[in-house]
Structures are given as structure tokens and as C-alpha cells.
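Below: my_file.csv (CSV, N, CA and C atoms)
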chain,number,residue,atom,x,y,z
A,7,MET,N,0.8,-1.2,0.0
A,7,MET,CA,0.0,0.0,0.0
A,7,MET,C,0.9,1.2,0.0
A,8,THR,N,0.4,2.3,-0.6
A,8,THR,CA,1.1,3.5,-0.6
A,8,THR,C,0.7,4.4,0.5
A,9,ASP,N,1.4,5.6,0.6
A,9,ASP,CA,1.1,6.5,1.7
A,9,ASP,C,-0.3,7.0,1.7
A,10,ALA,N,-1.0,7.1,0.6
A,10,ALA,CA,-2.4,7.6,0.6
A,10,ALA,C,-3.3,6.7,1.4
A,11,VAL,N,-3.1,5.4,1.3
A,11,VAL,CA,-4.0,4.5,2.0
A,11,VAL,C,-3.5,4.3,3.4
A,12,GLN,N,-2.3,4.6,3.7
A,12,GLN,CA,-1.8,4.3,5.1
A,12,GLN,C,-2.0,5.5,6.0
A,13,LYS,N,-2.6,6.6,5.5
A,13,LYS,CA,-2.9,7.7,6.4
A,13,LYS,C,-3.9,7.3,7.5
A,14,PRO,N,-3.8,7.8,8.6
A,14,PRO,CA,-4.8,7.5,9.7
A,14,PRO,C,-6.1,8.1,9.4
A,15,ILE,N,-7.1,7.5,10.1
A,15,ILE,CA,-8.5,8.1,10.0
A,15,ILE,C,-8.5,9.3,10.9
A,16,SER,N,-8.5,10.5,10.3
A,16,SER,CA,-8.3,11.7,11.1
A,16,SER,C,-9.7,12.3,11.5
A,17,ASN,N,-10.7,11.9,10.8
A,17,ASN,CA,-12.0,12.5,11.2
A,17,ASN,C,-12.5,11.8,12.4
A,18,GLU,N,-12.8,12.6,13.5
A,18,GLU,CA,-13.1,12.1,14.8
A,18,GLU,C,-14.5,11.3,14.7
A,19,GLU,N,-15.4,11.8,14.0
A,19,GLU,CA,-16.7,11.1,13.9
A,19,GLU,C,-16.6,9.7,13.3
A,20,GLU,N,-15.8,9.7,12.2
A,20,GLU,CA,-15.5,8.4,11.5
A,20,GLU,C,-14.8,7.4,12.5
A,21,ARG,N,-13.8,7.9,13.1
A,21,ARG,CA,-13.0,7.1,14.1
A,21,ARG,C,-14.0,6.6,15.2
A,22,ARG,N,-14.9,7.4,15.7
A,22,ARG,CA,-15.8,7.0,16.7
A,22,ARG,C,-16.7,5.9,16.2
A,23,LYS,N,-17.2,6.1,15.0
A,23,LYS,CA,-18.1,5.0,14.4
A,23,LYS,C,-17.4,3.7,14.3
A,24,ILE,N,-16.2,3.7,13.8
A,24,ILE,CA,-15.4,2.5,13.7
A,24,ILE,C,-15.1,1.8,15.0
A,25,ILE,N,-14.7,2.7,16.0
A,25,ILE,CA,-14.5,2.1,17.4
A,25,ILE,C,-15.8,1.5,17.9
A,26,ASN,N,-16.9,2.2,17.7
A,26,ASN,CA,-18.2,1.6,18.3
A,26,ASN,C,-18.5,0.3,17.6
A,27,ARG,N,-18.3,0.2,16.3
A,27,ARG,CA,-18.5,-1.1,15.6
A,27,ARG,C,-17.6,-2.2,16.2
A,28,LEU,N,-16.3,-1.8,16.4
A,28,LEU,CA,-15.4,-2.8,16.9
A,28,LEU,C,-15.7,-3.2,18.4
A,29,LYS,N,-16.2,-2.3,19.1
A,29,LYS,CA,-16.6,-2.6,20.5
A,29,LYS,C,-17.8,-3.6,20.5
A,30,ARG,N,-18.8,-3.4,19.6
A,30,ARG,CA,-19.9,-4.3,19.4
A,30,ARG,C,-19.3,-5.7,19.0
A,31,LEU,N,-18.4,-5.7,18.1
A,31,LEU,CA,-17.8,-7.0,17.7
A,31,LEU,C,-17.0,-7.7,18.8
A,32,GLU,N,-16.4,-6.9,19.6
A,32,GLU,CA,-15.7,-7.4,20.8
A,32,GLU,C,-16.7,-8.1,21.7
A,33,GLY,N,-17.9,-7.5,21.9
A,33,GLY,CA,-18.9,-8.1,22.7
A,33,GLY,C,-19.5,-9.4,22.1
A,34,GLN,N,-19.5,-9.4,20.7
A,34,GLN,CA,-20.0,-10.7,20.1
A,34,GLN,C,-19.0,-11.8,20.3
A,35,VAL,N,-17.7,-11.5,20.2
A,35,VAL,CA,-16.7,-12.5,20.5
A,35,VAL,C,-16.7,-13.0,21.9
A,36,ARG,N,-16.9,-12.1,22.8
A,36,ARG,CA,-17.0,-12.5,24.2
A,36,ARG,C,-18.3,-13.4,24.4
A,37,GLY,N,-19.3,-13.1,23.7
A,37,GLY,CA,-20.5,-13.9,23.7
A,37,GLY,C,-20.3,-15.3,23.2
A,38,LEU,N,-19.4,-15.4,22.1
A,38,LEU,CA,-19.1,-16.7,21.6
A,38,LEU,C,-18.3,-17.5,22.6
A,39,GLN,N,-17.4,-16.9,23.3
A,39,GLN,CA,-16.7,-17.6,24.4
A,39,GLN,C,-17.6,-18.1,25.4
A,40,THR,N,-18.6,-17.3,25.8
A,40,THR,CA,-19.6,-17.7,26.8
A,40,THR,C,-20.4,-18.9,26.3
A,41,MET,N,-20.8,-18.8,25.0
A,41,MET,CA,-21.6,-19.9,24.4
A,41,MET,C,-20.8,-21.2,24.4
A,42,ILE,N,-19.5,-21.2,24.1
A,42,ILE,CA,-18.7,-22.4,24.2
A,42,ILE,C,-18.6,-22.9,25.6
A,43,GLU,N,-18.3,-22.0,26.5
A,43,GLU,CA,-18.1,-22.4,27.9
A,43,GLU,C,-19.4,-23.0,28.5
A,44,SER,N,-20.6,-22.5,28.0
A,44,SER,CA,-21.8,-23.0,28.6
A,44,SER,C,-22.4,-24.2,27.8
A,45,GLY,N,-21.7,-24.6,26.8
A,45,GLY,CA,-22.1,-25.8,26.1
A,45,GLY,C,-23.2,-25.6,25.0
A,46,LYS,N,-23.3,-24.5,24.5
A,46,LYS,CA,-24.3,-24.2,23.4
A,46,LYS,C,-24.0,-25.2,22.2
A,47,ASP,N,-25.1,-25.4,21.5
A,47,ASP,CA,-24.9,-26.4,20.3
A,47,ASP,C,-24.1,-25.7,19.2
A,48,CYS,N,-23.5,-26.6,18.4
A,48,CYS,CA,-22.6,-26.1,17.3
A,48,CYS,C,-23.3,-25.2,16.4
A,49,GLU,N,-24.5,-25.5,16.0
A,49,GLU,CA,-25.2,-24.6,15.0
A,49,GLU,C,-25.4,-23.2,15.5
A,50,ALA,N,-25.7,-23.0,16.8
A,50,ALA,CA,-25.9,-21.7,17.4
A,50,ALA,C,-24.5,-21.0,17.4
A,51,VAL,N,-23.5,-21.7,17.8
A,51,VAL,CA,-22.2,-21.1,17.8
A,51,VAL,C,-21.7,-20.7,16.4
A,52,LEU,N,-21.9,-21.5,15.4
A,52,LEU,CA,-21.5,-21.2,14.1
A,52,LEU,C,-22.3,-20.0,13.5
A,53,THR,N,-23.6,-19.9,13.9
A,53,THR,CA,-24.4,-18.8,13.5
A,53,THR,C,-23.8,-17.5,14.0
A,54,GLN,N,-23.4,-17.5,15.3
A,54,GLN,CA,-22.8,-16.3,15.9
A,54,GLN,C,-21.4,-16.0,15.3
A,55,ILE,N,-20.7,-17.0,14.9
A,55,ILE,CA,-19.4,-16.8,14.2
A,55,ILE,C,-19.6,-16.1,12.9
A,56,MET,N,-20.6,-16.6,12.2
A,56,MET,CA,-20.9,-15.9,10.9
A,56,MET,C,-21.3,-14.5,11.1
A,57,ALA,N,-22.0,-14.2,12.1
A,57,ALA,CA,-22.4,-12.8,12.4
A,57,ALA,C,-21.2,-12.0,12.7
A,58,ALA,N,-20.3,-12.5,13.5
A,58,ALA,CA,-19.1,-11.7,13.9
A,58,ALA,C,-18.2,-11.5,12.7
A,59,LYS,N,-18.1,-12.5,11.9
A,59,LYS,CA,-17.3,-12.4,10.7
A,59,LYS,C,-17.8,-11.3,9.8
A,60,SER,N,-19.1,-11.3,9.6
A,60,SER,CA,-19.8,-10.4,8.8
A,60,SER,C,-19.6,-9.0,9.3
A,61,ALA,N,-19.7,-8.8,10.6
A,61,ALA,CA,-19.5,-7.5,11.3
A,61,ALA,C,-18.1,-7.0,11.0
A,62,LEU,N,-17.1,-7.9,11.2
A,62,LEU,CA,-15.7,-7.5,10.9
A,62,LEU,C,-15.5,-7.1,9.5
A,63,ASN,N,-16.1,-7.8,8.5
A,63,ASN,CA,-16.0,-7.5,7.1
A,63,ASN,C,-16.6,-6.1,6.9
A,64,GLN,N,-17.7,-5.8,7.5
A,64,GLN,CA,-18.4,-4.5,7.4
A,64,GLN,C,-17.5,-3.4,7.8
A,65,VAL,N,-16.7,-3.6,8.9
A,65,VAL,CA,-15.8,-2.6,9.4
A,65,VAL,C,-14.7,-2.4,8.3
A,66,GLY,N,-14.2,-3.4,7.8
A,66,GLY,CA,-13.2,-3.3,6.8
A,66,GLY,C,-13.7,-2.5,5.5
A,67,LEU,N,-14.9,-2.9,5.1
A,67,LEU,CA,-15.5,-2.2,3.9
A,67,LEU,C,-15.7,-0.7,4.3
A,68,HIS,N,-16.1,-0.4,5.5
A,68,HIS,CA,-16.3,1.0,5.9
A,68,HIS,C,-15.0,1.8,5.8
A,69,ILE,N,-13.9,1.1,6.3
A,69,ILE,CA,-12.6,1.8,6.2
A,69,ILE,C,-12.2,2.0,4.8
A,70,ILE,N,-12.4,1.0,4.0
A,70,ILE,CA,-12.0,1.2,2.5
A,70,ILE,C,-12.8,2.3,1.9
A,71,GLY,N,-14.1,2.4,2.2
A,71,GLY,CA,-14.9,3.5,1.7
A,71,GLY,C,-14.4,4.8,2.1
A,72,TYR,N,-14.1,4.9,3.4
A,72,TYR,CA,-13.6,6.2,4.0
A,72,TYR,C,-12.3,6.5,3.3
A,73,SER,N,-11.4,5.6,3.1
A,73,SER,CA,-10.1,5.8,2.5
A,73,SER,C,-10.3,6.3,1.1
A,74,MET,N,-11.2,5.7,0.3
A,74,MET,CA,-11.4,6.1,-1.0
A,74,MET,C,-12.0,7.5,-1.1
A,75,LYS,N,-12.8,7.9,-0.2
A,75,LYS,CA,-13.5,9.2,-0.2
A,75,LYS,C,-12.5,10.3,0.3
A,76,THR,N,-11.6,10.0,1.2
A,76,THR,CA,-10.8,11.0,1.8
A,76,THR,C,-9.3,10.9,1.5
A,77,CYS,N,-8.7,9.8,1.8
A,77,CYS,CA,-7.2,9.7,1.7
A,77,CYS,C,-6.8,9.8,0.3
A,78,LEU,N,-7.4,9.1,-0.6
A,78,LEU,CA,-6.9,9.1,-2.0
A,78,LEU,C,-7.1,10.4,-2.7
A,79,ILE,N,-8.2,11.1,-2.4
A,79,ILE,CA,-8.5,12.3,-3.2
A,79,ILE,C,-7.6,13.5,-2.7
A,80,ASP,N,-6.9,13.4,-1.6
A,80,ASP,CA,-6.0,14.4,-1.1
A,80,ASP,C,-4.6,14.3,-1.7
A,81,ASP,N,-4.4,13.2,-2.5
A,81,ASP,CA,-3.1,13.0,-3.0
A,81,ASP,C,-2.9,13.7,-4.4
A,82,GLU,N,-2.1,14.8,-4.4
A,82,GLU,CA,-1.9,15.6,-5.6
A,82,GLU,C,-0.7,15.2,-6.4
A,83,GLU,N,0.0,14.2,-5.9
A,83,GLU,CA,1.3,13.8,-6.5
A,83,GLU,C,1.0,12.7,-7.6
A,84,ARG,N,-0.1,12.1,-7.6
A,84,ARG,CA,-0.4,11.0,-8.6
A,84,ARG,C,-1.6,11.4,-9.5
A,85,THR,N,-1.6,10.7,-10.6
A,85,THR,CA,-2.7,11.0,-11.5
A,85,THR,C,-4.0,10.3,-11.1
A,86,ARG,N,-5.1,10.7,-11.6
A,86,ARG,CA,-6.4,10.1,-11.3
A,86,ARG,C,-6.4,8.6,-11.6
A,87,ASP,N,-5.8,8.2,-12.7
A,87,ASP,CA,-5.8,6.8,-13.0
A,87,ASP,C,-4.9,6.0,-12.0
A,88,GLU,N,-3.8,6.6,-11.5
A,88,GLU,CA,-3.0,5.9,-10.5
A,88,GLU,C,-3.8,5.8,-9.2
A,89,LEU,N,-4.6,6.8,-8.8
A,89,LEU,CA,-5.4,6.7,-7.6
A,89,LEU,C,-6.5,5.7,-7.7
A,90,ILE,N,-7.1,5.6,-8.9
A,90,ILE,CA,-8.2,4.6,-9.1
A,90,ILE,C,-7.6,3.2,-9.1
A,91,ASP,N,-6.4,3.0,-9.8
A,91,ASP,CA,-5.8,1.7,-9.7
A,91,ASP,C,-5.4,1.3,-8.3
A,92,GLU,N,-5.0,2.2,-7.5
A,92,GLU,CA,-4.6,1.9,-6.1
A,92,GLU,C,-5.9,1.5,-5.4
A,93,ALA,N,-7.0,2.3,-5.5
A,93,ALA,CA,-8.2,2.0,-4.8
A,93,ALA,C,-8.7,0.6,-5.2
A,94,ILE,N,-8.7,0.3,-6.5
A,94,ILE,CA,-9.2,-1.0,-6.9
A,94,ILE,C,-8.3,-2.1,-6.3
A,95,GLY,N,-7.0,-1.9,-6.3
A,95,GLY,CA,-6.0,-2.8,-5.8
A,95,GLY,C,-6.3,-3.1,-4.3
A,96,VAL,N,-6.5,-2.0,-3.5
A,96,VAL,CA,-6.8,-2.2,-2.1
A,96,VAL,C,-8.1,-3.0,-1.9
A,97,PHE,N,-9.1,-2.6,-2.7
A,97,PHE,CA,-10.4,-3.3,-2.6
A,97,PHE,C,-10.3,-4.8,-2.9
A,98,LEU,N,-9.6,-5.1,-4.0
A,98,LEU,CA,-9.4,-6.5,-4.4
A,98,LEU,C,-8.6,-7.3,-3.4
A,99,LYS,N,-7.6,-6.6,-2.9
A,99,LYS,CA,-6.8,-7.3,-1.8
A,99,LYS,C,-7.6,-7.7,-0.6
A,100,TYR,N,-8.4,-6.7,-0.2
A,100,TYR,CA,-9.3,-6.9,1.0
A,100,TYR,C,-10.4,-7.9,0.6
A,101,SER,N,-11.0,-7.8,-0.5
A,101,SER,CA,-12.1,-8.7,-0.8
A,101,SER,C,-11.7,-10.1,-1.1
A,102,SER,N,-10.4,-10.3,-1.4
A,102,SER,CA,-9.9,-11.7,-1.6
A,102,SER,C,-9.9,-12.5,-0.3
A,103,CYS,N,-9.9,-11.8,0.8
A,103,CYS,CA,-9.9,-12.5,2.1
A,103,CYS,C,-11.3,-12.6,2.7
A,104,VAL,N,-12.2,-11.9,2.1
A,104,VAL,CA,-13.6,-11.9,2.7
A,104,VAL,C,-14.4,-12.9,1.9
A,105,GLN,N,-14.7,-14.0,2.7
A,105,GLN,CA,-15.5,-15.1,2.1
A,105,GLN,C,-16.3,-15.7,3.1
What would you get if you wrote out this structure as C-alpha cells?
Amino acid sequence: MTDAVQKPISNEEERRKIINRLKRLEGQVRGLQTMIESGKDCEAVLTQIMAAKSALNQVGLHIIGYSMKTCLIDDEERTRDELIDEAIGVFLKYSSCVQ
């Protein structure tokens, strides 16, 4: 990844939204631990795992969207095509692990 995508999320409201999503996800994972400890059935546990995985994927997509809207457009050193190519590359790299 280049510097444009590696910039931090500087918008306080966006950062707060992402942190809140991650905190909910943290609660889901703790809930999964409790389900295992209390002997819940496999189907119920797997359903919650799918929900947690989906929630994490949504956080990643949210960050990609934020990056495309803010980080990449602030880069004046590269052409529009270079920025689009980078955005597509980041999205494809992330989406290849989302299944």
C-alpha cells in the first residue's frame, strides 16, 4: 500500500463510528466464548461466528470506503488513473480474504 491508503483516520466522527463497531464486535466475540463455555450447540455457535465475521467485514469495507473518499483524493502527486488503480487494488486485496 502507498502513503495515501496508510494515512490514519483523522475524522473524529468516523473514528468514533469504527471504534463503536469494533466494541460491538468485541462483545460478540465474548458472547461466543460464553456460548462455548456453557455448552451451546454447534449450530448456534456457528451462526454467531458468521455474524461476527460479517460484522468485521463491514468494518473493513467501511474503512475502505472512507479511504477512497478522503485519503486518496487528497493525493496531488499522482494521476487520477493511478489513484483509481490503487483504490481497486486495495479493494481487491481486501475482498480476496472476505469469504
For a test of reading the model, state the distance in Å between atom C of Asn63 in chain A and CA of Tyr100 in chain A, rounded to one decimal. 9.4 Å
Residues within 8 Å of Ala93 in chain A, only N, CA and C atoms, excluding chain neighbours under 4 positions, as a PyMOL selection string: chain A and resi 73-74+78+87-89+97-99
What separation in Å, quoted to one decimal, exists between atom N of Ile94 in chain A and CA of His68 in chain A?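 These atoms are spaced 14.6 Å apart.
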Which residue gives the smallest distance to Ile24 in chain A among A:Val51, A:Cys103, A:Val65, A:Ile42, with only C-alpha atoms counted? A:Val65
Could you please determine the separation between CA of Gln34 in chain A and CA of Ile70 in chain A in Å, to one decimal place?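 Spanning CA of Gln34 in chain A to CA of Ile70 in chain A is a straight-line distance of 22.7 Å.
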Could you please write out, as an NGL selection string, every residue of chain A that DSSP assigns to helix (DSSP H, G or I)? :A and (9-12 or 18-43 or 48-77 or 86-103)
Taking all atoms listed in the file into account, name the residue in A:Leu31, A:Asp91, A:Gly37, A:Thr76 that is nearest to Lys59 in chain A. A:Leu31
Find the smallest box with edges along x, y and z containing every listed atom of range 30-48 of chain A, then add 5 Å on each side and report centre and edge lengths in Å to one decimal, as AutoDock Vina command-line options.
--center_x -20.4 --center_y -15.0 --center_z 22.5 --size_x 19.4 --size_y 33.2 --size_z 22.2
Counting all atoms listed in the file, note down every residue that has an atom within 8 Å of the point (-23.0, -12.1, 16.8) (file coordinates), as a VMD selection string. chain A and resid 30 to 31 33 to 35 37 to 38 53 to 59 61
Kindly save the residues from that selection, with N, CA and C atoms included, as an mmCIF file, in the frame of the given file.
data_model
loop_
_atom_site.group_PDB
_atom_site.id
_atom_site.type_symbol
_atom_site.label_atom_id
_atom_site.label_comp_id
_atom_site.auth_asym_id
_atom_site.auth_seq_id
_atom_site.Cartn_x
_atom_site.Cartn_y
_atom_site.Cartn_z
ATOM 1 N N ARG A 30 -18.800 -3.400 19.600
ATOM 2 C CA ARG A 30 -19.900 -4.300 19.400
ATOM 3 C C ARG A 30 -19.300 -5.700 19.000
ATOM 4 N N LEU A 31 -18.400 -5.700 18.100
ATOM 5 C CA LEU A 31 -17.800 -7.000 17.700
ATOM 6 C C LEU A 31 -17.000 -7.700 18.800
ATOM 7 N N GLY A 33 -17.900 -7.500 21.900
ATOM 8 C CA GLY A 33 -18.900 -8.100 22.700
ATOM 9 C C GLY A 33 -19.500 -9.400 22.100
ATOM 10 N N GLN A 34 -19.500 -9.400 20.700
ATOM 11 C CA GLN A 34 -20.000 -10.700 20.100
ATOM 12 C C GLN A 34 -19.000 -11.800 20.300
ATOM 13 N N VAL A 35 -17.700 -11.500 20.200
ATOM 14 C CA VAL A 35 -16.700 -12.500 20.500
ATOM 15 C C VAL A 35 -16.700 -13.000 21.900
ATOM 16 N N GLY A 37 -19.300 -13.100 23.700
ATOM 17 C CA GLY A 37 -20.500 -13.900 23.700
ATOM 18 C C GLY A 37 -20.300 -15.300 23.200
ATOM 19 N N LEU A 38 -19.400 -15.400 22.100
ATOM 20 C CA LEU A 38 -19.100 -16.700 21.600
ATOM 21 C C LEU A 38 -18.300 -17.500 22.600
ATOM 22 N N THR A 53 -23.600 -19.900 13.900
ATOM 23 C CA THR A 53 -24.400 -18.800 13.500
ATOM 24 C C THR A 53 -23.800 -17.500 14.000
ATOM 25 N N GLN A 54 -23.400 -17.500 15.300
ATOM 26 C CA GLN A 54 -22.800 -16.300 15.900
ATOM 27 C C GLN A 54 -21.400 -16.000 15.300
ATOM 28 N N ILE A 55 -20.700 -17.000 14.900
ATOM 29 C CA ILE A 55 -19.400 -16.800 14.200
ATOM 30 C C ILE A 55 -19.600 -16.100 12.900
ATOM 31 N N MET A 56 -20.600 -16.600 12.200
ATOM 32 C CA MET A 56 -20.900 -15.900 10.900
ATOM 33 C C MET A 56 -21.300 -14.500 11.100
ATOM 34 N N ALA A 57 -22.000 -14.200 12.100
ATOM 35 C CA ALA A 57 -22.400 -12.800 12.400
ATOM 36 C C ALA A 57 -21.200 -12.000 12.700
ATOM 37 N N ALA A 58 -20.300 -12.500 13.500
ATOM 38 C CA ALA A 58 -19.100 -11.700 13.900
ATOM 39 C C ALA A 58 -18.200 -11.500 12.700
ATOM 40 N N LYS A 59 -18.100 -12.500 11.900
ATOM 41 C CA LYS A 59 -17.300 -12.400 10.700
ATOM 42 C C LYS A 59 -17.800 -11.300 9.800
ATOM 43 N N ALA A 61 -19.700 -8.800 10.600
ATOM 44 C CA ALA A 61 -19.500 -7.500 11.300
ATOM 45 C C ALA A 61 -18.100 -7.000 11.000
#
With distances taken over only C-alpha atoms, which of A:Leu62, A:Ile90, A:Gly95, A:Glu83 is nearest to Arg27 in chain A?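 When distances to Arg27 in chain A are compared using only C-alpha atoms, the smallest one comes from A:Leu62.
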A:Thr85, A:Lys23, A:Ile15, A:Gly45 ranked by distance to Tyr72 in chain A, top pick (using all atoms listed in the file):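 Under the stated criterion, the closest residue is A:Ile15.
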